[in-house]
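The next block is work.txt, given as compact mmCIF, C-alpha atoms.
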```
# COMPACT_ATOMS: atom_id res chain seq x y z
CA MET A 1 -27.84 14.47 6.67
CA GLN A 2 -26.38 11.54 8.62
CA ASN A 3 -26.71 8.03 7.23
CA GLU A 4 -29.86 6.26 8.43
CA LEU A 5 -27.91 3.16 9.44
CA TYR A 6 -25.83 5.27 11.79
CA MET A 7 -28.98 6.71 13.34
CA GLU A 8 -30.37 3.20 13.84
CA ASN A 9 -27.25 1.81 15.51
CA LYS A 10 -24.92 4.16 17.35
CA ASN A 11 -22.46 1.28 17.84
CA ILE A 12 -21.54 1.29 14.16
CA LYS A 13 -18.17 2.84 13.42
CA TYR A 14 -17.69 4.50 10.04
CA TYR A 15 -14.37 4.18 8.21
CA LEU A 16 -13.38 6.21 5.17
CA LEU A 17 -10.60 4.33 3.36
CA THR A 18 -9.12 6.33 0.49
CA GLY A 19 -7.33 4.30 -2.17
CA GLY A 20 -9.22 1.25 -0.97
CA ALA A 21 -9.22 -0.39 -4.41
CA GLY A 22 -5.42 -0.39 -4.55
CA PHE A 23 -3.06 -3.08 -3.30
CA ILE A 24 -2.68 -2.35 0.42
CA GLY A 25 -6.03 -0.57 0.69
CA ALA A 26 -8.01 -3.49 -0.73
CA ASN A 27 -6.21 -5.96 1.51
CA PHE A 28 -7.05 -3.72 4.46
CA VAL A 29 -10.72 -3.69 3.45
CA LYS A 30 -10.72 -7.49 3.44
CA HIS A 31 -8.96 -7.60 6.82
CA MET A 32 -11.36 -5.15 8.45
CA LEU A 33 -14.48 -6.94 7.20
CA LYS A 34 -13.16 -10.18 8.70
CA ALA A 35 -11.80 -8.73 11.94
CA HIS A 36 -14.60 -6.35 12.99
CA SER A 37 -18.36 -6.29 13.29
CA ASP A 38 -20.59 -3.21 13.53
CA ILE A 39 -18.52 -1.30 10.99
CA LYS A 40 -19.33 0.51 7.78
CA ILE A 41 -16.52 1.04 5.28
CA ILE A 42 -16.66 3.72 2.61
CA VAL A 43 -13.97 3.24 -0.03
CA LEU A 44 -13.02 6.33 -2.02
CA ASP A 45 -10.87 5.57 -5.06
CA ALA A 46 -10.28 7.33 -8.38
CA LEU A 47 -9.69 3.95 -10.08
CA THR A 48 -6.57 5.05 -11.90
CA TYR A 49 -4.30 2.39 -13.46
CA ALA A 50 -3.47 0.72 -10.09
CA GLY A 51 -6.95 0.87 -8.61
CA ASN A 52 -9.11 -2.08 -9.60
CA LEU A 53 -12.67 -2.43 -8.40
CA GLY A 54 -12.57 -6.09 -9.38
CA THR A 55 -10.32 -6.65 -6.37
CA LEU A 56 -13.31 -5.83 -4.17
CA LYS A 57 -15.90 -7.64 -6.29
CA GLU A 58 -16.82 -10.20 -3.65
CA ASP A 59 -16.46 -7.75 -0.75
CA LEU A 60 -18.95 -5.35 -2.32
CA LYS A 61 -21.64 -7.98 -1.81
CA ASN A 62 -21.29 -7.18 1.89
CA ASP A 63 -23.70 -4.47 3.04
CA SER A 64 -20.94 -3.10 5.26
CA LEU A 65 -18.95 -1.87 2.24
CA ILE A 66 -19.80 1.16 0.08
CA PHE A 67 -17.76 2.32 -2.91
CA VAL A 68 -17.44 5.93 -4.10
CA LYS A 69 -15.47 6.79 -7.22
CA GLY A 70 -13.66 10.09 -6.80
CA ASP A 71 -10.43 11.99 -6.33
CA ILE A 72 -9.05 12.82 -2.88
CA CYS A 73 -8.18 16.27 -4.23
CA ASP A 74 -11.88 17.00 -4.88
CA SER A 75 -13.33 18.72 -1.81
CA LYS A 76 -16.90 18.36 -3.13
CA VAL A 77 -16.51 14.58 -3.10
CA THR A 78 -14.89 14.37 0.32
CA ASN A 79 -17.37 16.82 1.87
CA LYS A 80 -20.29 14.80 0.50
CA ILE A 81 -18.98 11.62 2.09
CA PHE A 82 -18.69 13.30 5.48
CA GLU A 83 -22.17 14.78 5.05
CA ASP A 84 -23.68 11.39 4.22
CA TYR A 85 -21.80 9.33 6.81
CA ASN A 86 -20.67 10.17 10.31
CA ILE A 87 -17.04 9.23 9.64
CA ASP A 88 -15.12 8.10 12.73
CA TYR A 89 -11.84 7.04 11.11
CA LEU A 90 -10.10 8.18 7.94
CA VAL A 91 -7.24 6.01 6.68
CA ASN A 92 -5.41 7.48 3.70
CA PHE A 93 -3.98 4.79 1.43
CA ALA A 94 -4.51 6.87 -1.72
CA ALA A 95 -1.24 7.78 -3.39
CA GLU A 96 0.69 7.71 -6.59
CA SER A 97 3.28 5.20 -5.48
CA HIS A 98 5.62 3.94 -8.21
CA VAL A 99 9.05 5.56 -8.22
CA ASP A 100 9.59 5.06 -11.96
CA ARG A 101 6.34 6.88 -12.73
CA SER A 102 7.35 9.74 -10.41
CA ILE A 103 10.56 10.18 -12.42
CA GLU A 104 8.54 10.37 -15.64
CA ASN A 105 5.85 12.73 -14.28
CA PRO A 106 6.61 14.27 -10.86
CA GLN A 107 3.73 16.77 -10.89
CA ILE A 108 0.90 14.28 -10.51
CA PHE A 109 2.65 12.86 -7.43
CA LEU A 110 2.73 16.28 -5.81
CA GLN A 111 -0.92 16.89 -6.64
CA THR A 112 -2.26 13.59 -5.34
CA ASN A 113 0.09 12.85 -2.48
CA ILE A 114 0.43 16.33 -0.99
CA LEU A 115 -2.63 18.35 -2.03
CA GLY A 116 -4.89 15.31 -1.76
CA THR A 117 -3.69 14.69 1.79
CA GLN A 118 -4.22 18.33 2.69
CA ASN A 119 -7.78 18.22 1.35
CA LEU A 120 -8.56 15.10 3.38
CA LEU A 121 -7.21 16.74 6.53
CA ASP A 122 -9.23 19.89 5.89
CA THR A 123 -12.41 17.92 5.34
CA ALA A 124 -11.93 15.82 8.47
CA LYS A 125 -11.11 18.87 10.57
CA LYS A 126 -14.22 20.65 9.33
CA PHE A 127 -16.62 17.81 10.14
CA TRP A 128 -14.95 16.57 13.32
CA THR A 129 -14.65 19.97 15.03
CA VAL A 130 -17.31 20.51 17.71
CA GLY A 131 -15.96 23.68 19.30
CA LYS A 132 -12.84 25.52 20.49
CA ASP A 133 -10.89 25.41 23.71
CA GLU A 134 -9.89 28.45 25.75
CA ASN A 135 -6.76 28.89 23.61
CA GLY A 136 -8.64 28.74 20.32
CA TYR A 137 -7.64 25.21 19.35
CA PRO A 138 -10.35 23.03 17.78
CA ILE A 139 -12.10 20.48 19.97
CA TYR A 140 -12.86 17.25 18.12
CA ARG A 141 -15.65 14.73 18.44
CA ASP A 142 -14.66 11.86 20.72
CA GLY A 143 -13.06 8.81 19.14
CA VAL A 144 -12.15 10.20 15.72
CA LYS A 145 -8.75 9.72 14.09
CA TYR A 146 -6.91 10.35 10.82
CA LEU A 147 -4.21 7.82 9.86
CA GLN A 148 -1.65 8.52 7.14
CA VAL A 149 -0.19 5.43 5.49
CA SER A 150 3.36 6.34 4.49
CA THR A 151 6.59 4.62 3.47
CA ASP A 152 10.13 3.99 4.67
CA GLU A 153 11.34 5.76 1.53
CA VAL A 154 10.85 9.13 3.26
CA TYR A 155 14.01 8.36 5.26
CA GLY A 156 16.23 8.10 2.19
CA SER A 157 18.90 5.43 1.77
CA LEU A 158 20.91 3.42 4.30
CA GLY A 159 24.44 2.10 4.10
CA ASP A 160 25.35 -1.51 4.81
CA THR A 161 24.36 -1.23 8.47
CA GLY A 162 21.75 0.51 10.62
CA TYR A 163 17.98 0.81 10.59
CA PHE A 164 15.30 3.45 10.15
CA LEU A 165 13.76 4.61 13.43
CA GLU A 166 10.84 7.00 13.83
CA THR A 167 13.44 9.60 14.85
CA THR A 168 15.55 9.14 11.70
CA PRO A 169 15.72 12.47 9.80
CA LEU A 170 13.60 12.61 6.65
CA ASP A 171 15.81 12.58 3.56
CA PRO A 172 13.83 11.61 0.43
CA ASN A 173 15.66 11.07 -2.86
CA SER A 174 12.95 10.55 -5.50
CA PRO A 175 9.94 12.67 -6.52
CA TYR A 176 7.72 9.92 -5.09
CA SER A 177 9.40 9.82 -1.69
CA ALA A 178 9.60 13.62 -1.61
CA SER A 179 5.84 13.84 -2.20
CA LYS A 180 5.18 11.31 0.58
CA THR A 181 7.49 13.27 2.88
CA GLY A 182 5.54 16.44 2.09
CA ALA A 183 2.31 14.63 2.94
CA ASP A 184 3.76 13.37 6.23
CA LEU A 185 4.79 16.89 7.16
CA ILE A 186 1.35 18.27 6.33
CA VAL A 187 -0.14 15.68 8.69
CA LYS A 188 2.37 16.70 11.36
CA ALA A 189 1.51 20.36 10.81
CA TYR A 190 -2.22 19.71 11.30
CA ALA A 191 -1.45 17.80 14.47
CA GLU A 192 0.63 20.67 15.85
CA THR A 193 -1.35 23.64 14.55
CA PHE A 194 -4.88 22.28 14.91
CA LYS A 195 -4.30 19.51 17.50
CA MET A 196 -5.86 17.00 15.09
CA PRO A 197 -5.95 13.38 16.31
CA VAL A 198 -3.59 11.71 13.84
CA ASN A 199 -1.15 8.85 13.42
CA THR A 200 1.33 8.07 10.67
CA THR A 201 2.61 4.62 9.77
CA ARG A 202 5.72 4.07 7.66
CA CYS A 203 6.09 0.62 6.18
CA SER A 204 8.71 -1.36 4.31
CA ASN A 205 8.09 -2.96 0.90
CA ASN A 206 4.79 -4.86 0.89
CA TYR A 207 4.11 -8.02 -1.10
CA GLY A 208 1.16 -10.38 -1.37
CA PRO A 209 -2.12 -10.88 -3.28
CA TYR A 210 -3.64 -8.17 -5.51
CA HIS A 211 -0.35 -6.35 -6.11
CA PHE A 212 -0.33 -4.42 -9.40
CA PRO A 213 2.24 -5.99 -11.78
CA GLU A 214 4.57 -3.03 -12.11
CA LYS A 215 6.22 -3.71 -8.74
CA LEU A 216 9.08 -6.20 -8.51
CA ILE A 217 7.53 -9.46 -7.32
CA PRO A 218 4.28 -9.47 -9.37
CA LEU A 219 6.18 -8.19 -12.42
CA ILE A 220 8.66 -11.05 -12.18
CA ILE A 221 5.84 -13.59 -11.78
CA LYS A 222 4.01 -12.16 -14.79
CA ASN A 223 7.10 -12.21 -17.00
CA ILE A 224 8.02 -15.76 -16.00
CA LEU A 225 4.57 -17.00 -17.00
CA GLU A 226 4.82 -15.14 -20.32
CA GLY A 227 8.33 -16.44 -21.06
CA LYS A 228 9.80 -12.93 -21.06
CA LYS A 229 13.12 -11.71 -19.73
CA LEU A 230 13.17 -10.55 -16.10
CA PRO A 231 14.41 -6.93 -15.90
CA VAL A 232 16.58 -6.20 -12.85
CA TYR A 233 17.89 -2.71 -12.21
CA GLY A 234 21.66 -2.20 -12.05
CA ASP A 235 23.44 -5.20 -10.54
CA GLY A 236 20.47 -6.24 -8.39
CA SER A 237 22.28 -5.51 -5.13
CA ASN A 238 19.70 -3.01 -3.82
CA VAL A 239 18.29 -4.19 -0.50
CA ARG A 240 14.68 -3.91 0.65
CA ASP A 241 12.89 -5.04 3.80
CA TRP A 242 9.85 -7.12 2.75
CA LEU A 243 6.56 -7.15 4.68
CA TYR A 244 3.64 -9.45 3.91
CA VAL A 245 0.63 -7.24 3.25
CA GLU A 246 -1.66 -9.05 5.72
CA ASP A 247 0.84 -8.36 8.52
CA HIS A 248 0.87 -4.70 7.51
CA CYS A 249 -2.93 -4.53 7.62
CA LYS A 250 -2.93 -5.90 11.15
CA ALA A 251 -0.42 -3.23 12.17
CA ILE A 252 -2.54 -0.43 10.71
CA ASP A 253 -5.59 -1.78 12.52
CA LEU A 254 -3.67 -1.72 15.82
CA VAL A 255 -2.33 1.80 15.34
CA LEU A 256 -5.74 3.08 14.30
CA HIS A 257 -7.45 1.77 17.43
CA LYS A 258 -4.67 1.71 20.03
CA GLY A 259 -1.87 3.97 18.82
CA ARG A 260 -1.03 7.04 20.86
CA ILE A 261 -2.41 10.20 19.27
CA GLY A 262 0.19 12.10 17.27
CA GLU A 263 2.70 9.26 17.11
CA ILE A 264 4.55 7.79 14.13
CA TYR A 265 4.97 4.02 13.94
CA ASN A 266 7.43 2.20 11.67
CA VAL A 267 6.18 -1.16 10.36
CA GLY A 268 8.87 -3.53 9.08
CA GLY A 269 9.12 -7.19 8.20
CA HIS A 270 12.62 -8.20 9.38
CA ASN A 271 13.06 -9.64 5.89
CA GLU A 272 16.00 -7.90 4.21
CA LYS A 273 16.73 -9.22 0.73
CA GLN A 274 18.70 -8.04 -2.27
CA ASN A 275 16.56 -7.57 -5.37
CA ILE A 276 18.52 -10.27 -7.18
CA GLU A 277 17.77 -12.69 -4.29
CA ILE A 278 14.05 -11.95 -4.64
CA VAL A 279 14.13 -12.64 -8.38
CA LYS A 280 16.05 -15.91 -8.06
CA LEU A 281 13.84 -17.11 -5.21
CA THR A 282 10.72 -16.30 -7.24
CA ILE A 283 12.07 -18.25 -10.22
CA ALA A 284 12.92 -21.27 -8.08
CA THR A 285 9.59 -21.19 -6.23
CA ILE A 286 7.46 -21.03 -9.40
CA ARG A 287 9.38 -23.91 -10.94
CA ARG A 288 9.08 -26.01 -7.76
CA LEU A 289 5.34 -25.34 -7.44
CA MET A 290 4.79 -26.30 -11.07
CA GLU A 291 6.77 -29.49 -10.66
CA GLN A 292 4.73 -30.39 -7.57
CA ASN A 293 1.37 -29.45 -9.11
CA HIS A 294 1.25 -29.95 -12.86
CA SER A 295 -2.05 -28.05 -13.13
CA TYR A 296 -0.14 -24.84 -12.50
CA GLN A 297 1.69 -25.32 -15.79
CA GLN A 298 -1.60 -24.56 -17.52
CA VAL A 299 -1.21 -20.86 -16.66
CA LEU A 300 1.92 -20.58 -18.81
CA LYS A 301 1.03 -18.30 -21.70
CA PRO A 302 0.74 -19.53 -25.32
CA GLY A 303 4.15 -19.99 -26.89
CA HIS A 304 5.92 -20.43 -23.56
CA PRO A 305 8.77 -22.97 -23.97
CA GLY A 306 7.83 -24.79 -20.74
CA ILE A 307 9.09 -25.06 -17.17
CA GLY A 308 12.55 -26.06 -18.34
CA PHE A 309 12.91 -22.46 -19.52
CA ILE A 310 12.16 -21.15 -16.01
CA ASN A 311 15.67 -20.59 -14.65
CA ASP A 312 18.13 -17.84 -13.81
CA ASP A 313 18.98 -17.36 -17.50
CA MET A 314 15.73 -15.37 -17.76
CA ILE A 315 17.34 -12.56 -15.75
CA THR A 316 18.52 -9.50 -17.66
CA PHE A 317 20.16 -6.51 -16.02
CA VAL A 318 18.88 -3.16 -17.25
CA LYS A 319 20.09 0.41 -16.83
CA ASP A 320 19.64 1.46 -13.23
CA ARG A 321 16.88 3.77 -12.06
CA LEU A 322 17.89 7.41 -11.58
CA GLY A 323 18.75 8.11 -7.94
CA HIS A 324 18.12 4.48 -6.93
CA ASP A 325 18.28 4.13 -3.12
CA GLN A 326 20.64 1.32 -2.11
CA ARG A 327 19.10 -0.05 1.09
CA TYR A 328 16.00 0.30 3.24
CA ALA A 329 15.59 -1.43 6.61
CA ILE A 330 13.08 -0.68 9.37
CA ASP A 331 13.39 -1.24 13.10
CA PRO A 332 9.78 -1.79 14.29
CA GLN A 333 10.62 -1.91 18.00
CA LYS A 334 8.28 0.98 18.88
CA ILE A 335 5.10 -0.64 17.52
CA SER A 336 6.22 -3.97 18.97
CA LYS A 337 6.80 -2.60 22.47
CA GLU A 338 3.77 -0.29 22.61
CA LEU A 339 1.15 -2.30 20.72
CA GLY A 340 2.49 -5.86 20.73
CA TRP A 341 2.71 -6.10 16.95
CA LEU A 342 5.24 -8.38 15.28
CA PRO A 343 5.43 -9.58 11.67
CA GLU A 344 3.95 -13.07 11.58
CA THR A 345 4.91 -14.18 8.06
CA LYS A 346 8.44 -15.30 7.22
CA PHE A 347 9.42 -14.29 3.72
CA GLU A 348 10.01 -17.91 2.68
CA ASP A 349 6.39 -18.67 3.58
CA GLY A 350 4.93 -15.42 2.30
CA ILE A 351 6.50 -15.72 -1.14
CA VAL A 352 4.96 -19.20 -1.57
CA LYS A 353 1.54 -17.88 -0.54
CA THR A 354 1.93 -14.93 -2.91
CA ILE A 355 3.06 -16.93 -5.94
CA THR A 356 0.36 -19.55 -5.34
CA TRP A 357 -2.27 -16.80 -5.29
CA TYR A 358 -1.04 -15.40 -8.62
CA LEU A 359 -0.96 -18.84 -10.22
CA GLU A 360 -4.56 -19.39 -9.15
CA ASN A 361 -5.85 -15.90 -10.01
CA GLN A 362 -4.60 -15.19 -13.51
CA GLY A 363 -8.00 -13.78 -14.44
CA TRP A 364 -7.39 -10.89 -12.05
CA VAL A 365 -3.91 -10.31 -13.47
CA GLU A 366 -5.19 -10.21 -17.04
CA GLU A 367 -7.91 -7.77 -16.06
CA VAL A 368 -5.50 -5.22 -14.58
CA THR A 369 -2.68 -5.53 -17.09
CA SER A 370 -4.38 -4.12 -20.18
CA GLY A 371 -4.30 -0.74 -21.87
CA ASP A 372 -2.38 1.84 -19.89
CA TYR A 373 -0.18 -0.72 -18.16
CA GLN A 374 0.96 -2.30 -21.43
CA ASN A 375 1.91 1.09 -22.88
CA TYR A 376 3.74 1.96 -19.68
CA TYR A 377 5.65 -1.33 -19.65
CA LYS A 378 6.93 -0.77 -23.18
CA GLN A 379 7.98 2.76 -22.33
CA MET A 380 9.79 1.84 -19.14
CA TYR A 381 11.53 -1.44 -19.98
CA GLU A 382 11.62 -2.50 -23.62
CA ASN A 383 13.99 0.27 -24.72
CA ARG A 384 16.48 -0.10 -21.86
```
Encoded form using structure tokens:
Amino acid sequence: MQNELYMENKNIKYYLLTGGAGFIGANFVKHMLKAHSDIKIIVLDALTYAGNLGTLKEDLKNDSLIFVKGDICDSKVTNKIFEDYNIDYLVNFAAESHVDRSIENPQIFLQTNILGTQNLLDTAKKFWTVGKDENGYPIYRDGVKYLQVSTDEVYGSLGDTGYFLETTPLDPNSPYSASKTGADLIVKAYAETFKMPVNTTRCSNNYGPYHFPEKLIPLIIKNILEGKKLPVYGDGSNVRDWLYVEDHCKAIDLVLHKGRIGEIYNVGGHNEKQNIEIVKLTIATIRRLMEQNHSYQQVLKPGHPGIGFINDDMITFVKDRLGHDQRYAIDPQKISKELGWLPETKFEDGIVKTITWYLENQGWVEEVTSGDYQNYYKQMYENR
């Protein structure tokens, strides 16, 4: 039975956002609620270690947002959502996403990232199909689309020069990137075999508010505030292209509503940095912000020796990750030329905004860094 609100107002568009309580997904929820009216967002999230409903605490006060706890692999859950709401757009953010975790337990990455994606595609195809054409291909309800949020890691590793294009051959090197590649290919297969209206976006490393503190930037911030050493893999020379999460959300919004059906769009930040540069810049920025605003020093954890301790001596190099890709860099010329998107946030500005947010939202950090995360941190870093 269709949702009563949809029956009352045919102008309402219904969005199913899987993984909407995670980092990029939650930021996208916030963007969409600000940028669009006459929408209804259904967030489906299993609330595993990286999914935090507290991130959406204020947003859930908005009648336009509905939360459903569930697994994207569970067809009963996904079918029920499509039965209850006349879903127009499905954006799949849900994924196991941390490379280190994929090395420890590859199977769960294959289950969630590949089989979960396939289940979402099956569900959407089932509820969006309104008939068949003369050749037996499904005909879909007007205006529907499935968007797969992917990663530049599916392309593998670059040398010192060159960039990833949408035509770059897929060459994943970790269980995580292999599972995301498998998901991308399943999406491609549904587009070719069933003529499903799909897009795929592949982004560079995101940073910004609400990022779970196992990824580089929020982990470094957390350790600085706790007076801990800052673990850097290998010699820190690995290069990543950094994209402010708000800019990424705007790109997804554009592709969802204006992207050509069936196309892949790379989304990059034009912000290439070595990991060691990121760590040193984060150290310097936190110290400068604390010197400028003494109230920020209050977030230093008990026993911290003070801002004089916040310097490059905190850095410690740890044994490198297995199969660690050396360099990622995206050329986003396709999305720029076709849709007019460009990254708006320079890294030097974005890192200040990000660190300021963490300094002012330590309650959120403490909420998400208990239990499973603490055990994981000890396992991954303390014995290196």
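In this comparison, which uses all atoms listed in the file, the residue of A:Asp349, A:Asp142, A:Glu58, A:Asp325 approaching Ser157 in chain A most closely is A:Asp325.
The residue that comes closest to Phe67 in chain A, out of A:Tyr244, A:Trp357, A:Tyr15, A:Tyr265 and on the basis of only C-alpha atoms, is A:Tyr15.
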With a distance cut-off of 8 Å and only C-alpha atoms, select the neighbouring residues of range 266-277 of chain A, excluding the residue or stretch itself and same-chain residues fewer than 2 positions from it, and output the selection as a ChimeraX atom specification. /A:152,165-166,201-204,232,235-244,248,251,264,279-281,329-332,334-335,343,346-347
Which neighbours of Ala191 in chain A fall inside 10 Å, counting all atoms listed in the file, when residues of the same chain fewer than 3 positions from it are skipped, and could you give them as a short mmCIF file (atom, residue, chain, number, x, y, z; two decimals) with C-alpha atoms, keeping the file's coordinate frame?
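For reference, around_35.cif as written:
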```cif
data_model
loop_
_atom_site.label_atom_id
_atom_site.label_comp_id
_atom_site.auth_asym_id
_atom_site.auth_seq_id
_atom_site.Cartn_x
_atom_site.Cartn_y
_atom_site.Cartn_z
CA LEU A 121 -7.21 16.74 6.53
CA TYR A 146 -6.91 10.35 10.82
CA LEU A 185 4.79 16.89 7.16
CA ILE A 186 1.35 18.27 6.33
CA VAL A 187 -0.14 15.68 8.69
CA LYS A 188 2.37 16.70 11.36
CA PHE A 194 -4.88 22.28 14.91
CA LYS A 195 -4.30 19.51 17.50
CA MET A 196 -5.86 17.00 15.09
CA PRO A 197 -5.95 13.38 16.31
CA VAL A 198 -3.59 11.71 13.84
CA ASN A 199 -1.15 8.85 13.42
CA ILE A 261 -2.41 10.20 19.27
CA GLY A 262 0.19 12.10 17.27
CA GLU A 263 2.70 9.26 17.11
#
```
To one decimal place in Å, what is the distance between CA of Glu153 in chain A and CA of Gly70 in chain A? 26.7 Å
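CA of Ile355 in chain A sits 29.0 Å away from CA of Gln148 in chain A.
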